[in-house]
$ cat start_35.cif   # mmCIF, C-alpha atoms
data_upload
#
loop_
_atom_site.label_atom_id
_atom_site.label_comp_id
_atom_site.auth_asym_id
_atom_site.auth_seq_id
_atom_site.Cartn_x
_atom_site.Cartn_y
_atom_site.Cartn_z
CA MET A 179 5.92 -30.34 11.86
CA ALA A 180 7.24 -26.79 12.00
CA SER A 181 9.46 -26.01 14.99
CA VAL A 182 8.23 -23.43 17.48
CA ARG A 183 10.66 -20.74 18.56
CA HIS A 184 10.69 -18.01 21.16
CA ILE A 185 11.58 -15.00 19.02
CA HIS A 186 12.72 -11.80 20.66
CA LEU A 187 12.44 -8.73 18.40
CA LEU A 188 14.79 -5.88 19.23
CA ARG A 189 14.42 -2.31 18.04
CA GLN A 190 15.99 1.00 19.06
CA THR A 191 12.84 3.12 18.75
CA GLY A 192 9.24 2.50 19.76
CA LEU A 193 6.52 0.86 17.69
CA THR A 194 4.01 3.69 17.44
CA GLY A 195 3.17 4.10 13.76
CA MET A 196 5.60 1.35 12.69
CA PHE A 197 3.06 -0.96 11.11
CA ASN A 198 5.72 -2.88 9.19
CA VAL A 199 7.14 -4.10 12.52
CA ILE A 200 3.67 -4.79 13.90
CA THR A 201 2.79 -6.80 10.78
CA LEU A 202 6.03 -8.79 11.05
CA ALA A 203 5.47 -9.60 14.73
CA ASN A 204 1.86 -10.65 14.12
CA CYS A 205 2.96 -12.91 11.25
CA LEU A 206 5.51 -14.67 13.46
CA ARG A 207 2.92 -15.10 16.21
CA ALA A 208 0.29 -16.41 13.77
CA ALA A 209 2.82 -19.04 12.65
CA GLY A 210 2.85 -20.40 16.20
CA HIS A 211 6.04 -18.80 17.52
CA GLN A 212 6.28 -17.14 20.92
CA VAL A 213 7.06 -13.49 20.24
CA SER A 214 8.24 -10.64 22.48
CA ILE A 215 9.51 -7.16 21.59
CA THR A 216 11.99 -4.87 23.31
CA CYS A 217 12.34 -1.20 22.40
CA ILE A 218 15.42 0.48 23.86
CA GLU A 219 13.76 3.87 23.86
CA PRO A 220 10.49 4.47 25.73
CA GLY A 221 7.59 2.48 24.31
CA THR A 222 3.95 1.86 25.06
CA GLU A 223 2.77 -1.53 26.20
CA ALA A 224 -0.57 -1.26 24.37
CA ILE A 225 0.08 -1.05 20.62
CA PRO A 226 -3.02 -0.80 18.37
CA GLY A 227 -3.06 -3.66 15.87
CA LEU A 228 -0.52 -5.81 17.73
CA ASP A 229 -1.49 -9.36 18.73
CA LYS A 230 -2.51 -9.38 22.41
CA ASP A 231 -0.18 -12.30 23.15
CA ILE A 232 2.91 -10.31 22.12
CA THR A 233 4.59 -8.53 25.03
CA VAL A 234 6.29 -5.17 24.45
CA THR A 235 8.91 -3.76 26.82
CA GLY A 236 10.32 -0.24 26.61
CA LEU A 237 13.65 0.16 28.41
CA GLY A 238 13.03 3.87 28.95
CA VAL A 239 16.20 5.30 27.42
CA GLY A 240 15.33 8.49 25.61
CA GLN A 241 17.09 10.26 22.75
CA ALA A 242 19.87 12.76 23.46
CA LYS A 243 22.34 14.99 21.63
CA GLY A 244 25.99 15.88 22.07
CA TRP A 245 27.89 14.27 24.93
CA ARG A 246 24.61 13.22 26.54
CA LYS A 247 24.08 10.87 23.59
CA ILE A 248 27.11 8.84 24.72
CA ILE A 249 25.70 8.52 28.22
CA SER A 250 22.27 7.62 26.82
CA ARG A 251 23.79 4.95 24.58
CA LEU A 252 25.70 3.42 27.49
CA GLN A 253 22.57 3.42 29.65
CA GLY A 254 20.67 1.72 26.86
CA ALA A 255 23.35 -0.94 26.46
CA PHE A 256 23.48 -1.64 30.20
CA ARG A 257 19.68 -1.95 30.47
CA LEU A 258 19.50 -4.08 27.34
CA ARG A 259 22.15 -6.53 28.54
CA ARG A 260 20.42 -6.88 31.91
CA HIS A 261 17.04 -7.28 30.22
CA LEU A 262 18.16 -9.93 27.72
CA ARG A 263 19.67 -12.00 30.53
CA GLN A 264 16.18 -12.27 32.01
CA GLN A 265 14.42 -13.25 28.78
CA PRO A 266 13.85 -16.83 27.58
CA PHE A 267 14.45 -16.76 23.81
CA ASP A 268 16.25 -18.86 21.24
CA LEU A 269 16.23 -16.34 18.36
CA LEU A 270 17.24 -12.71 18.59
CA TYR A 271 15.60 -10.76 15.76
CA VAL A 272 17.33 -7.39 15.33
CA LEU A 273 15.44 -4.68 13.46
CA ASP A 274 17.19 -1.90 11.53
CA SER A 275 20.69 -0.50 11.60
CA TRP A 276 19.86 2.18 14.18
CA THR A 277 19.65 -0.58 16.81
CA LEU A 278 23.20 -1.82 16.16
CA PRO A 279 25.32 0.62 18.24
CA THR A 280 23.40 -0.23 21.42
CA LEU A 281 23.47 -3.97 20.64
CA TRP A 282 27.22 -3.76 19.94
CA LEU A 283 27.83 -2.25 23.38
CA ALA A 284 25.45 -4.65 25.13
CA THR A 285 27.18 -7.71 23.63
CA ALA A 286 30.75 -6.37 24.10
CA GLY A 287 31.23 -6.11 20.36
CA LYS A 288 29.94 -9.58 19.45
CA LEU A 289 26.50 -8.52 18.13
CA ARG A 290 25.23 -11.99 19.08
CA TRP A 291 23.64 -13.42 22.19
CA PRO A 292 24.94 -16.71 23.60
CA GLY A 293 22.82 -19.73 22.72
CA ALA A 294 20.50 -17.83 20.36
CA LYS A 295 20.20 -17.72 16.58
CA LEU A 296 20.53 -14.26 15.06
CA VAL A 297 18.37 -12.62 12.39
CA TYR A 298 19.08 -9.12 11.12
CA HIS A 299 16.15 -7.47 9.30
CA THR A 300 16.57 -3.96 7.92
CA PHE A 301 13.91 -1.70 6.45
CA ASP A 302 16.41 1.07 5.74
CA TRP A 303 19.43 1.49 3.47
CA LEU A 304 22.85 2.78 4.49
CA GLU A 305 24.07 4.78 1.53
CA PRO A 306 27.87 4.71 1.13
CA GLY A 307 29.14 8.25 1.61
CA LEU A 308 25.92 9.51 3.22
CA VAL A 309 26.15 7.73 6.57
CA ALA A 310 29.10 7.31 8.92
CA GLU A 311 31.47 4.57 7.80
CA THR A 312 31.53 3.21 11.36
CA HIS A 313 27.77 2.65 11.08
CA ARG A 314 28.19 0.73 7.82
CA ARG A 315 30.96 -1.36 9.37
CA LEU A 316 28.60 -2.35 12.17
CA GLU A 317 26.00 -3.41 9.63
CA LYS A 318 28.60 -5.33 7.66
CA LYS A 319 29.65 -7.17 10.80
CA ILE A 320 26.14 -8.19 11.82
CA CYS A 321 25.32 -9.27 8.26
CA GLN A 322 28.39 -11.51 8.31
CA GLN A 323 27.55 -12.80 11.79
CA ALA A 324 23.82 -13.38 11.32
CA ASP A 325 22.23 -16.73 10.56
CA LEU A 326 19.77 -14.89 8.31
CA VAL A 327 19.77 -11.39 6.80
CA VAL A 328 16.45 -9.93 5.59
CA ASN A 329 15.94 -6.90 3.35
CA THR A 330 12.90 -5.33 1.68
CA ASP A 331 13.97 -5.41 -1.96
CA ARG A 332 15.85 -7.72 -4.33
CA SER A 333 18.12 -4.93 -5.60
CA ARG A 334 19.06 -3.82 -2.11
CA ALA A 335 19.69 -7.42 -1.09
CA ARG A 336 22.04 -8.03 -4.01
CA MET A 337 23.95 -4.80 -3.40
CA GLN A 338 24.20 -5.59 0.29
CA GLN A 339 25.74 -8.93 -0.59
CA ALA A 340 28.32 -7.21 -2.80
CA PHE A 341 29.16 -4.35 -0.41
CA TYR A 342 29.48 -6.60 2.65
CA GLN A 343 31.01 -9.61 0.89
CA LEU A 344 28.31 -12.02 2.05
CA LYS A 345 28.33 -15.66 0.97
CA THR A 346 24.62 -15.65 0.18
CA THR A 347 22.16 -13.00 -0.94
CA PRO A 348 19.97 -11.68 1.88
CA LEU A 349 16.35 -12.76 1.83
CA TRP A 350 14.01 -10.06 0.50
CA VAL A 351 10.55 -9.60 2.00
CA GLN A 352 8.50 -6.75 0.58
CA ASN A 353 7.00 -4.16 2.91
CA CYS A 354 3.33 -5.14 2.97
CA LEU A 355 0.28 -4.94 5.18
CA SER A 356 -1.58 -8.04 6.27
CA THR A 357 -4.95 -8.95 4.83
CA THR A 358 -6.18 -9.18 8.44
CA VAL A 359 -5.92 -5.41 8.88
CA PRO A 360 -9.50 -4.08 8.77
CA ILE A 361 -9.99 -1.51 6.00
CA PRO A 362 -12.93 0.80 6.70
CA PRO A 363 -15.37 1.66 3.88
CA PRO A 364 -15.33 5.17 2.36
CA ASP A 365 -16.82 7.70 4.75
CA GLU A 366 -18.62 10.72 3.34
CA ALA A 367 -18.12 12.64 6.58
CA LEU A 368 -14.35 12.24 6.25
CA ARG A 369 -14.53 13.36 2.60
CA ARG A 370 -16.33 16.50 3.70
CA GLU A 371 -13.67 17.10 6.37
CA MET A 372 -10.85 16.66 3.85
CA THR A 373 -12.42 18.88 1.19
CA GLY A 374 -14.43 21.42 3.16
CA ALA A 375 -17.37 20.77 0.83
CA GLU A 376 -20.89 19.69 1.72
CA ASN A 377 -21.25 17.63 -1.45
CA THR A 378 -18.13 15.73 -2.54
CA ALA A 379 -19.66 13.66 -5.33
CA GLY A 380 -18.07 15.72 -8.11
CA LEU A 381 -14.70 16.12 -6.40
CA ARG A 382 -11.50 14.11 -6.85
CA VAL A 383 -9.59 13.76 -3.59
CA VAL A 384 -5.85 13.10 -3.81
CA ILE A 385 -4.20 12.05 -0.54
CA TYR A 386 -0.47 11.87 0.12
CA PRO A 387 0.04 9.85 3.35
CA THR A 388 3.50 11.14 4.29
CA ILE A 389 4.52 13.97 6.60
CA VAL A 390 6.00 17.22 5.36
CA SER A 391 7.99 18.96 8.07
CA ASN A 392 11.66 19.91 8.02
CA ALA A 393 14.15 20.23 5.17
CA GLU A 394 14.81 16.48 5.08
CA SER A 395 11.16 15.78 4.27
CA SER A 396 11.64 17.58 0.95
CA GLN A 397 12.95 14.21 -0.28
CA ARG A 398 9.30 13.08 -0.41
CA MET A 399 8.59 15.85 -2.94
CA THR A 400 5.43 17.36 -1.50
CA TRP A 401 6.37 20.79 -2.90
CA GLU A 402 6.60 19.27 -6.39
CA LEU A 403 3.13 17.75 -5.97
CA ILE A 404 1.76 21.19 -5.10
CA GLN A 405 3.30 22.65 -8.27
CA ALA A 406 1.53 20.00 -10.34
CA PHE A 407 -1.73 20.44 -8.43
CA HIS A 408 -1.84 24.06 -9.53
CA GLN A 409 -2.39 22.76 -13.07
CA LEU A 410 -5.39 20.59 -12.17
CA PRO A 411 -9.02 21.70 -12.48
CA GLU A 412 -10.94 23.25 -9.60
CA HIS A 413 -12.72 20.01 -8.65
CA TYR A 414 -9.47 18.37 -7.51
CA ARG A 415 -8.58 18.46 -3.80
CA LEU A 416 -5.28 17.61 -2.11
CA VAL A 417 -4.83 16.22 1.42
CA LEU A 418 -1.39 16.47 3.06
CA PHE A 419 0.01 15.78 6.54
CA TYR A 420 2.37 18.10 8.36
CA ARG A 421 4.48 18.93 11.37
CA GLU A 422 5.93 22.39 11.90
CA GLY A 423 9.16 22.88 9.96
CA SER A 424 10.87 24.74 7.13
CA GLU A 425 9.59 22.47 4.35
CA TYR A 426 6.02 22.68 5.66
CA ARG A 427 6.25 26.48 5.58
CA ARG A 428 7.64 26.36 2.03
CA CYS A 429 4.69 24.20 0.96
CA LEU A 430 2.21 26.54 2.64
CA ALA A 431 3.75 29.47 0.79
CA ALA A 432 3.62 27.55 -2.51
CA CYS A 433 -0.11 26.92 -2.04
CA ALA A 434 -0.74 30.60 -1.33
CA GLU A 435 1.37 31.74 -4.27
CA ALA A 436 -0.45 29.37 -6.64
CA GLY A 437 -3.85 30.46 -5.31
CA ILE A 438 -4.87 26.91 -4.34
CA SER A 439 -4.86 27.13 -0.53
CA HIS A 440 -8.62 26.57 -0.52
CA ARG A 441 -8.11 23.26 -2.35
CA VAL A 442 -5.31 21.92 -0.12
CA LYS A 443 -5.98 20.49 3.33
CA PHE A 444 -3.04 20.12 5.75
CA MET A 445 -3.81 17.66 8.54
CA GLU A 446 -1.87 16.72 11.65
CA PRO A 447 -0.32 13.23 11.88
CA MET A 448 -2.67 10.57 13.22
CA PRO A 449 -2.53 6.94 14.42
CA TYR A 450 -2.12 4.41 11.64
CA MET A 451 -5.52 2.77 12.04
CA LYS A 452 -7.21 6.17 11.90
CA LEU A 453 -5.17 7.09 8.83
CA LEU A 454 -6.56 4.05 7.02
CA ALA A 455 -10.07 5.51 7.24
CA TYR A 456 -8.98 8.77 5.60
CA VAL A 457 -7.02 7.02 2.86
CA ALA A 458 -9.92 4.68 2.11
CA SER A 459 -12.20 7.72 1.74
CA ALA A 460 -10.01 9.43 -0.87
CA ASP A 461 -9.89 8.78 -4.64
CA LEU A 462 -6.19 8.73 -5.51
CA GLY A 463 -2.89 8.47 -3.68
CA ALA A 464 0.75 9.40 -4.29
CA ILE A 465 4.23 7.96 -3.58
CA PHE A 466 7.27 10.09 -4.39
CA TYR A 467 11.00 9.89 -3.68
CA ASP A 468 13.89 12.07 -4.81
CA ALA A 469 16.19 9.40 -6.23
CA SER A 470 19.04 11.91 -6.61
CA VAL A 471 19.41 11.97 -2.83
CA SER A 472 20.06 8.27 -2.26
CA SER A 473 20.31 5.00 -4.12
CA GLY A 474 17.97 3.68 -1.43
CA TYR A 475 15.26 5.93 -2.86
CA PHE A 476 16.15 4.76 -6.36
CA MET A 477 15.58 1.15 -5.24
CA CYS A 478 12.68 2.09 -3.00
CA ASN A 479 10.14 -0.45 -1.85
CA ALA A 480 7.67 1.88 -0.20
CA ASP A 481 5.44 0.68 2.63
CA LYS A 482 2.98 3.37 1.45
CA LEU A 483 2.45 1.26 -1.68
CA SER A 484 0.83 -1.53 0.32
CA LEU A 485 -1.13 0.99 2.39
CA LEU A 486 -2.70 2.54 -0.71
CA ALA A 487 -3.27 -0.85 -2.35
CA ALA A 488 -4.91 -2.23 0.80
CA CYS A 489 -7.35 0.70 0.72
CA GLY A 490 -8.03 0.12 -2.99
CA LEU A 491 -6.56 3.48 -4.00
CA PRO A 492 -4.87 3.88 -7.41
CA PHE A 493 -1.92 6.21 -7.19
CA VAL A 494 0.73 8.18 -9.05
CA ALA A 495 4.34 7.30 -8.21
CA SER A 496 7.92 8.24 -8.98
CA ASP A 497 9.35 6.60 -12.07
CA GLN A 498 12.00 4.56 -10.24
CA PRO A 499 12.43 1.08 -11.77
CA GLY A 500 11.29 -0.82 -8.68
CA LEU A 501 8.12 1.19 -8.27
CA GLU A 502 7.37 1.13 -11.99
CA SER A 503 7.63 -2.66 -12.17
CA ILE A 504 5.10 -3.15 -9.38
CA VAL A 505 2.74 -0.36 -10.44
CA TYR A 506 2.44 -1.46 -14.06
CA ARG A 507 2.54 -5.20 -13.38
CA HIS A 508 -0.48 -4.96 -11.10
CA GLY A 509 -2.30 -1.99 -12.67
CA LEU A 510 -1.98 0.20 -9.58
CA GLY A 511 -1.73 3.56 -11.32
CA GLU A 512 0.77 5.67 -13.25
CA CYS A 513 4.45 6.61 -12.87
CA CYS A 514 6.16 9.83 -13.88
CA GLN A 515 8.97 12.23 -12.98
CA PRO A 516 7.55 14.24 -10.03
CA GLY A 517 9.79 17.19 -10.84
CA ASP A 518 7.92 17.66 -14.14
CA ALA A 519 4.74 19.41 -13.00
CA ALA A 520 2.96 18.99 -16.33
CA ALA A 521 3.74 15.25 -16.48
CA LEU A 522 2.62 14.76 -12.88
CA ALA A 523 -0.65 16.63 -13.43
CA ALA A 524 -1.27 14.58 -16.58
CA ALA A 525 -0.62 11.32 -14.70
CA ILE A 526 -3.15 12.26 -12.01
CA ARG A 527 -5.78 13.13 -14.61
CA LEU A 528 -5.07 9.92 -16.51
CA ILE A 529 -6.03 7.93 -13.42
CA ALA A 530 -9.00 10.06 -12.40
CA GLU A 531 -10.44 10.64 -15.89
CA ASP A 532 -9.52 7.39 -17.62
CA PRO A 533 -12.29 5.72 -19.69
CA VAL A 534 -12.14 2.92 -17.11
CA PRO A 535 -14.32 4.21 -14.24
CA LEU A 536 -12.43 5.10 -11.08
CA ALA A 537 -14.58 2.67 -9.11
CA GLU A 538 -13.35 -0.18 -11.34
CA ARG A 539 -9.73 0.87 -10.93
CA LYS A 540 -10.19 0.85 -7.17
CA LYS A 541 -11.49 -2.72 -7.30
CA GLN A 542 -8.51 -3.74 -9.43
CA VAL A 543 -6.05 -2.21 -6.97
CA ARG A 544 -7.74 -3.86 -3.98
CA ALA A 545 -7.68 -7.22 -5.78
CA ALA A 546 -3.95 -6.83 -6.44
CA PHE A 547 -3.41 -6.31 -2.72
CA LEU A 548 -5.48 -9.36 -1.76
CA HIS A 549 -3.74 -11.66 -4.24
CA HIS A 550 -0.17 -10.34 -4.52
CA LEU A 551 0.78 -7.38 -2.32
CA ASN A 552 0.10 -8.58 1.22
CA PHE A 553 2.34 -9.98 3.94
CA GLU A 554 0.65 -13.37 3.88
CA VAL A 555 2.15 -13.84 0.40
CA HIS A 556 5.62 -12.40 1.02
CA GLY A 557 5.96 -13.50 4.63
CA GLN A 558 5.90 -17.17 3.67
CA ARG A 559 9.49 -16.89 2.43
CA LEU A 560 10.56 -15.57 5.80
CA LEU A 561 8.79 -18.35 7.71
CA ALA A 562 10.38 -20.94 5.45
CA ALA A 563 13.83 -19.42 5.97
CA LEU A 564 13.40 -19.43 9.74
CA GLU A 565 12.42 -23.10 9.59
CA LYS A 566 15.72 -23.91 7.86
CA LEU A 567 17.96 -22.23 10.46
CA ASP A 568 18.54 -25.48 12.35
CA GLN A 569 19.28 -27.47 9.23
CA PRO A 570 22.97 -28.25 8.54
#
$ encode --input "start_35.cif" --output "C-alpha cells"
Amino acid sequence: MASVRHIHLLRQTGLTGMFNVITLANCLRAAGHQVSITCIEPGTEAIPGLDKDITVTGLGVGQAKGWRKIISRLQGAFRLRRHLRQQPFDLLYVLDSWTLPTLWLATAGKLRWPGAKLVYHTFDWLEPGLVAETHRRLEKKICQQADLVVNTDRSRARMQQAFYQLKTTPLWVQNCLSTTVPIPPPDEALRREMTGAENTAGLRVVIYPTIVSNAESSQRMTWELIQAFHQLPEHYRLVLFYREGSEYRRCLAACAEAGISHRVKFMEPMPYMKLLAYVASADLGAIFYDASVSSGYFMCNADKLSLLAACGLPFVASDQPGLESIVYRHGLGECCQPGDAAALAAAIRLIAEDPVPLAERKKQVRAAFLHHLNFEVHGQRLLAALEKLDQP
C-alpha cells in the first residue's frame, strides 16, 4: 500500500496563472497525499482549478527593489520560518530557484527543515553566465541536499547533474496539463471576437498564447511571427496577448508598417481557464523561443505545448531539438526557424492547407494529448519516486 504523506509545497510567487504548479498539486492530492501550499509573496486563497482540499497561504511579502529588497527578503524569511514551525508536514516540496534565497535565510543556510524529506522541483533553468553565480551556488547546494531533484526535461536534468556534480540524474517530469482540465468546445462568438468578422468559416485563426510586453519578451519572437504573417493570404488572422511595454509597441508598429493591423488582434492577458476557451476556438497555435539567448530555450520543454495539444490545436514551433522530437513524434505540427519569415509562413500554410483536413489534424493532436502528453502519464514517475524516498 502506498504511503500517505503531508506534502508542503513552497513557492516564492503566487499561483495565479501557474497551471503547472496547480496541476502538480492536484496530482499529489489525487494520489492520496495531504497537500498544502505556501507562497511567500501575496497570494489568493481561492485558486481556479485547484483541488478544494488543498490549502493555500500567502505570507504577504511583496516584491521590492534596491535596499528595500533586502528588508523584504528578511521579512519573508522570518514569516516563513514562523509559518513552517506551525505546519504539520513530513515533506517540504520546494518549487523553483527563485524561492531559494528566502528558504536559505529561513533555515539559517541549511535549506532543509528538521524531520522532513526535501524535494526540489524546478521549472526554470539557471544559465551559467546569465544569472548571478551566488544564485547558481544556492541551487547547487539544494540539489546536493535534496532527497529528490525534479526537472522538466531529460537534457536539462543531465546537464544539471554534470554542473552540480550530483550522484544521480534528476528526475524529469514534462510540463503537461491534466486530462481532468475541462476543455471547452470551439465557440463561434469567440472566433468573431478574435477576428472581427461576422462569418469566420473561411478564416484561419492563428493564436500565440504568450504575452508580448517589454524587451525581455522579445525572446518569444512575436515580432518575427508578425513578419511571417505579412506573407500569408488575407484570410489568415493572428491573435496575440499584450501588456504595455517596448516590445509590444515595436510589434504594433510592425503590424502598421506591414499593413496587417486589421488582421491582428491584441488581447489583454486573461485567467488560464478563460484562455483555454479562446485557444480551443482557434485553428493553429505557435511556440517560439530564441535559442541564442539561453541554452534553457535550446532545451525548452514548453508548457504551452501541452496547452495547445490539450485544446487539439496543431501548431508551428521553433526548430530546437527537444521541440522537434515531440512535434514530429506525435504529429503535432511543423517546426522551422522563426527568424526566417518565408519558412515560418510556409510552415503555417503547410498545417492549414495540408491535404489532410485541419479537422483531422486537430483530432490527431487531441489524441496525442490524451494518450501521451498529459500529467497522468508523466506524473506517475514522480509518484513512484516519492514512494521510494523512505527506502534504504
$ atom_distance --input "start_35.cif" --atom1 "CA of Trp282 in chain A" --atom2 "CA of Glu317 in chain A"
10.4 Å
$ resolve_selection --input "start_35.cif" --expression "the PyMOL selection byres ((chain A and resi 274) around 12)" --output "PyMOL selection string"
chain A and resi 187-191+198-199+217+271-273+275-281+297-304+313-314+316-317+320-321+327-330
$ residues_around --input "start_35.cif" --residues "range 245-259 of chain A" --least-positions-apart "3" --cutoff "9 Å" --atoms "only C-alpha atoms" --output "PyMOL selection string"
chain A and resi 216+218-219+237-242+262-264+279-285
$ resolve_selection --input "start_35.cif" --expression "the PyMOL selection byres ((chain A and resi 338) around 10)" --output "PyMOL selection string"
chain A and resi 303-304+317-318+321+327+329+332-337+339-344+347-348
$ resolve_selection --input "start_35.cif" --expression "the PyMOL selection byres ((chain A and resi 354) around 10)" --output "count of residues only"
29
$ atom_distance --input "start_35.cif" --atom1 "CA of Cys513 in chain A" --atom2 "CA of Ala546 in chain A"
17.1 Å
$ atom_distance --input "start_35.cif" --atom1 "CA of Gly463 in chain A" --atom2 "CA of Leu418 in chain A"
10.6 Å
$ residues_around --input "start_35.cif" --residues "Glu376 in chain A" --least-positions-apart "5" --cutoff "10 Å" --atoms "all atoms listed in the file" --output "ChimeraX atom specification"
/A:366-367,369-371
$ closest_residue --input "start_35.cif" --among "A:Ile225, A:Ile526, A:Val309, A:Val471" --to "Leu416 in chain A" --atoms "all atoms listed in the file"
A:Ile526
$ closest_residue --input "start_35.cif" --among "A:Trp401, A:Trp350, A:Tyr420, A:Tyr414" --to "Cys433 in chain A" --atoms "only C-alpha atoms"
A:Trp401
$ axis_aligned_box --input "start_35.cif" --around "range 493-509 of chain A" --padding-each-side "3 Å" --output "JSON"
{"center_x": 5.1, "center_y": 1.5, "center_z": -10.6, "size_x": 20.7, "size_y": 19.4, "size_z": 12.9}
$ residues_around --input "start_35.cif" --residues "Lys541 in chain A" --least-positions-apart "5" --cutoff "12 Å" --atoms "all atoms listed in the file" --output "compact mmCIF listing (two decimals) with C-alpha atoms, in the coordinates of the input"
# COMPACT_ATOMS: atom_id res chain seq x y z
CA ASP A 461 -9.89 8.78 -4.64
CA ALA A 487 -3.27 -0.85 -2.35
CA ALA A 488 -4.91 -2.23 0.80
CA CYS A 489 -7.35 0.70 0.72
CA GLY A 490 -8.03 0.12 -2.99
CA LEU A 491 -6.56 3.48 -4.00
CA PRO A 492 -4.87 3.88 -7.41
CA HIS A 508 -0.48 -4.96 -11.10
CA GLY A 509 -2.30 -1.99 -12.67
CA LEU A 510 -1.98 0.20 -9.58
CA VAL A 534 -12.14 2.92 -17.11
CA PRO A 535 -14.32 4.21 -14.24
CA LEU A 536 -12.43 5.10 -11.08
CA ALA A 546 -3.95 -6.83 -6.44
CA PHE A 547 -3.41 -6.31 -2.72
CA LEU A 548 -5.48 -9.36 -1.76
$ residues_around --input "start_35.cif" --residues "Ala464 in chain A" --least-positions-apart "5" --cutoff "6 Å" --atoms "only C-alpha atoms" --output "ChimeraX atom specification"
/A:386,493-495
$ residues_near_point --input "start_35.cif" --point "(2.5, 22.6, -5.3)" --cutoff "10 Å" --atoms "all atoms listed in the file" --output "PyMOL selection string"
chain A and resi 399-409+416+428-436+438-439+442+519
$ closest_residue --input "start_35.cif" --among "A:Val383, A:Leu462, A:Ala469, A:Ile185" --to "Glu305 in chain A" --atoms "all atoms listed in the file"
A:Ala469
